[in-house]
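Enquirer: Below you will find the structure I want to go over with you.
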Amino acid sequence: MNPSSPASTPAPDLWRDYGAPASQTRPAPSRLRWDWYRSAGPDEALLGDVTGRDVAELGAGSARQAAYVAEVLKPARVIALDSSATQHDRSVALYGDVPRLELVHADAAAYLAAHPDTLDVAYSIFGAVDFCDPKTLLPAIAAALRAGGRLTFSTLGHYNNGRPPATDCRPADIPMCLPDGSSGTLQRWVLDTAVWEGLLDGAGFDLVASETVHDLGPEGGKAMTTCLFVARKRVEPSASPVRRPQMGEGDL
């Protein structure tokens, strides 16, 4: 560091207070849910059979969902990735002893790009896919997945205020309160289904299935729409082998 340069100020942990548990008691496992209110729609079947496979949750938060996958679905391992130091510390305190669960504090796109061909399944439940530039993250996921690997994610079908999703790949600035009490913003990608499909195709994925779940939530709550996507890393056709001419074909 140049002595004459001021020390850089660390960026605030935007997720410090998000989902802070009332106690440090580990919640009991429950079924994996993908919709906003965790009350409707498909369950862990969207992941496919993960028995003995290498799985990653992108934006795992306190790792409750990743712990469920590790404990109940019996993969070879689950890598729970989160860029928030606070959320990572919570995950270690709550689930650090769960077999087959690896808790990693890292930016999802950077980690995945640095670990090519190491995963069979990646998933995000309103996680990193919502909060990272998909033009960077989706290719990184494709790189980390083995050929034919599966990506499943849920994302908002519209903004919290009811505004429709963006029809091009651009984020919205979401206002939030920073840990020091000041106001800040967080970027979130809330995109139209057709935009997601185009991004998946461009990153090397074939769309397997998509579904929209309309979730009314608790009585008096806000109606929300969740979009679900299941995609498979495209298996590129191998180059055709060079065919040697047979006797009698051409000039030998």
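Every chain in the structure tokens takes a letter, A first, then B, and so on in the order presented; its residues are numbered from 1, and the ligands are numbered from 1 following the presented order.
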Enumerate as a VMD selection string all residues of segment 87-223 of chain A assigned to strand (DSSP E or B) by DSSP on the backbone, naming them with the chain letters and numbers the document uses.

Expert: chain A and resid 101 to 105 119 to 125 145 to 156 166 172 to 177 183 to 188 191 205 to 215

Enquirer: Using the selection just defined, write its residues with C-alpha atoms as a PDB file, in the first residue's frame.

Expert:
ATOM      1  CA  LEU A 101     -21.687 -29.821   4.240  1.00  0.00           C
ATOM      2  CA  GLU A 102     -18.881 -27.425   3.254  1.00  0.00           C
ATOM      3  CA  LEU A 103     -19.416 -23.814   4.320  1.00  0.00           C
ATOM      4  CA  VAL A 104     -17.531 -21.381   2.087  1.00  0.00           C
ATOM      5  CA  HIS A 105     -17.264 -17.601   2.420  1.00  0.00           C
ATOM      6  CA  LEU A 119     -20.202 -29.895  -9.632  1.00  0.00           C
ATOM      7  CA  ASP A 120     -23.159 -31.973 -10.724  1.00  0.00           C
ATOM      8  CA  VAL A 121     -25.910 -29.696  -9.374  1.00  0.00           C
ATOM      9  CA  ALA A 122     -26.115 -25.986  -8.507  1.00  0.00           C
ATOM     10  CA  TYR A 123     -29.139 -24.220  -7.071  1.00  0.00           C
ATOM     11  CA  SER A 124     -30.251 -20.829  -5.784  1.00  0.00           C
ATOM     12  CA  ILE A 125     -33.392 -19.965  -3.828  1.00  0.00           C
ATOM     13  CA  LEU A 145     -20.816 -27.864 -13.729  1.00  0.00           C
ATOM     14  CA  ARG A 146     -19.780 -31.080 -15.384  1.00  0.00           C
ATOM     15  CA  ALA A 147     -21.289 -31.876 -18.773  1.00  0.00           C
ATOM     16  CA  GLY A 148     -25.031 -32.382 -18.342  1.00  0.00           C
ATOM     17  CA  GLY A 149     -24.983 -30.770 -14.883  1.00  0.00           C
ATOM     18  CA  ARG A 150     -28.189 -29.257 -13.531  1.00  0.00           C
ATOM     19  CA  LEU A 151     -29.007 -25.694 -12.457  1.00  0.00           C
ATOM     20  CA  THR A 152     -32.234 -24.990 -10.558  1.00  0.00           C
ATOM     21  CA  PHE A 153     -33.204 -21.583  -9.240  1.00  0.00           C
ATOM     22  CA  SER A 154     -36.142 -19.526  -8.040  1.00  0.00           C
ATOM     23  CA  THR A 155     -36.393 -15.794  -8.579  1.00  0.00           C
ATOM     24  CA  LEU A 156     -38.970 -13.031  -8.251  1.00  0.00           C
ATOM     25  CA  ALA A 166     -37.419  -5.909 -16.546  1.00  0.00           C
ATOM     26  CA  ALA A 172     -32.875  -2.374 -10.035  1.00  0.00           C
ATOM     27  CA  ASP A 173     -31.469  -0.485  -7.059  1.00  0.00           C
ATOM     28  CA  ILE A 174     -33.332  -1.770  -4.008  1.00  0.00           C
ATOM     29  CA  PRO A 175     -33.268   0.615  -1.011  1.00  0.00           C
ATOM     30  CA  MET A 176     -32.115  -0.883   2.264  1.00  0.00           C
ATOM     31  CA  CYS A 177     -30.810   0.111   5.664  1.00  0.00           C
ATOM     32  CA  SER A 183     -29.516   4.304   3.798  1.00  0.00           C
ATOM     33  CA  GLY A 184     -28.057   2.320   0.941  1.00  0.00           C
ATOM     34  CA  THR A 185     -29.011   0.310  -2.115  1.00  0.00           C
ATOM     35  CA  LEU A 186     -28.655  -3.259  -3.234  1.00  0.00           C
ATOM     36  CA  GLN A 187     -28.809  -4.391  -6.838  1.00  0.00           C
ATOM     37  CA  ARG A 188     -31.320  -7.115  -7.679  1.00  0.00           C
ATOM     38  CA  LEU A 191     -36.175 -10.211 -15.096  1.00  0.00           C
ATOM     39  CA  PHE A 205     -27.671 -24.144 -20.826  1.00  0.00           C
ATOM     40  CA  ASP A 206     -30.658 -25.965 -22.275  1.00  0.00           C
ATOM     41  CA  LEU A 207     -33.921 -25.149 -20.505  1.00  0.00           C
ATOM     42  CA  VAL A 208     -35.499 -28.278 -19.037  1.00  0.00           C
ATOM     43  CA  ALA A 209     -38.543 -26.734 -17.356  1.00  0.00           C
ATOM     44  CA  SER A 210     -39.937 -23.457 -16.075  1.00  0.00           C
ATOM     45  CA  GLU A 211     -42.902 -22.743 -13.839  1.00  0.00           C
ATOM     46  CA  THR A 212     -44.637 -19.761 -12.295  1.00  0.00           C
ATOM     47  CA  VAL A 213     -45.966 -20.068  -8.743  1.00  0.00           C
ATOM     48  CA  HIS A 214     -48.506 -17.520  -7.487  1.00  0.00           C
ATOM     49  CA  ASP A 215     -48.198 -17.376  -3.739  1.00  0.00           C
TER      50      ASP A 215
END

Enquirer: Within 6 Å of segment 60-64 of chain A, counting only C-alpha atoms, which residues qualify if same-chain residues fewer than 2 places away don't, as a compact mmCIF listing (two decimals) with N, CA and C atoms, in the first residue's frame?

Expert:
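Final file, selection-v5.txt:
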# COMPACT_ATOMS: atom_id res chain seq x y z
N GLU A 57 -25.05 -24.71 -3.20
CA GLU A 57 -26.09 -23.69 -3.07
C GLU A 57 -25.42 -22.33 -3.19
N LEU A 58 -25.96 -21.49 -4.06
CA LEU A 58 -25.36 -20.19 -4.37
C LEU A 58 -26.13 -19.10 -3.64
N ALA A 66 -29.12 -25.69 2.71
CA ALA A 66 -28.01 -26.55 2.33
C ALA A 66 -27.82 -27.67 3.34
N ALA A 67 -28.04 -27.38 4.64
CA ALA A 67 -27.93 -28.41 5.66
C ALA A 67 -29.00 -29.49 5.47
N ALA A 80 -21.95 -24.74 0.48
CA ALA A 80 -22.84 -23.61 0.76
C ALA A 80 -22.04 -22.33 0.62
N LEU A 81 -22.26 -21.61 -0.48
CA LEU A 81 -21.50 -20.40 -0.79
C LEU A 81 -22.26 -19.15 -0.37
N ASP A 82 -21.57 -18.24 0.29
CA ASP A 82 -22.18 -16.95 0.58
C ASP A 82 -21.08 -15.90 0.70
N GLN A 87 -23.27 -13.84 7.46
CA GLN A 87 -24.06 -15.04 7.16
C GLN A 87 -23.18 -16.29 7.23
N ARG A 90 -22.74 -17.23 10.81
CA ARG A 90 -23.95 -17.87 11.32
C ARG A 90 -24.02 -19.33 10.87
N SER A 91 -23.70 -19.56 9.61
CA SER A 91 -23.79 -20.92 9.09
C SER A 91 -22.83 -21.85 9.82

Enquirer: If you run DSSP on the backbone here, which positions in segment 8-215 of chain A get alpha helix (DSSP H)? Please write them as a VMD selection string.

Expert: chain A and resid 64 to 72 85 to 95 108 to 113 128 to 131 134 to 144 193 to 202

Enquirer: Just to confirm, what's the straight-line distance from atom CA of Pro75 of chain A to atom CA of Ala110 of chain A in Å (one decimal)?

Expert: 23.3 Å

Enquirer: Would you list the contacts of Val50 of chain A as an NGL selection string, taking every protein, DNA or RNA residue within 10 Å and counting only C-alpha atoms, but skipping same-chain residues closer than 6 positions in sequence?

Expert: :A and (44 or 69-70 or 73-78 or 120-121)

Enquirer: Counting only C-alpha atoms, figure out which residue out of A:Thr86, A:Ala231, A:Glu71, A:Thr136 gets nearest to Thr51 of chain A.

Expert: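 Closest candidate: A:Glu71.
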
Enquirer: Could you tell me how far atom CA of Tyr95 of chain A lies from atom CA of Gly59 of chain A, in Å and to one decimal?

Expert: 15.4 Å

Enquirer: To one decimal place in Å, what is the distance between atom CA of Ser39 of chain A and atom CA of Gly217 of chain A?

Expert: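 Separation between atom CA of Ser39 of chain A and atom CA of Gly217 of chain A: 7.7 Å.
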
Enquirer: With only C-alpha atoms as the atoms that count, which of A:Pro99, A:Pro42, A:Gly127, A:Gly48 lies nearest to Tyr68 of chain A?

Expert: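 Ranked by minimum distance to Tyr68 of chain A, first place goes to A:Pro99.
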
Enquirer: Would you please work out which residue, of A:Pro134, A:Pro237, A:Gly41, A:Pro139, is nearest to Pro116 of chain A when using only C-alpha atoms?

Expert: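 Comparing A:Pro134, A:Pro237, A:Gly41, A:Pro139 against Pro116 of chain A, the winner is A:Pro139.
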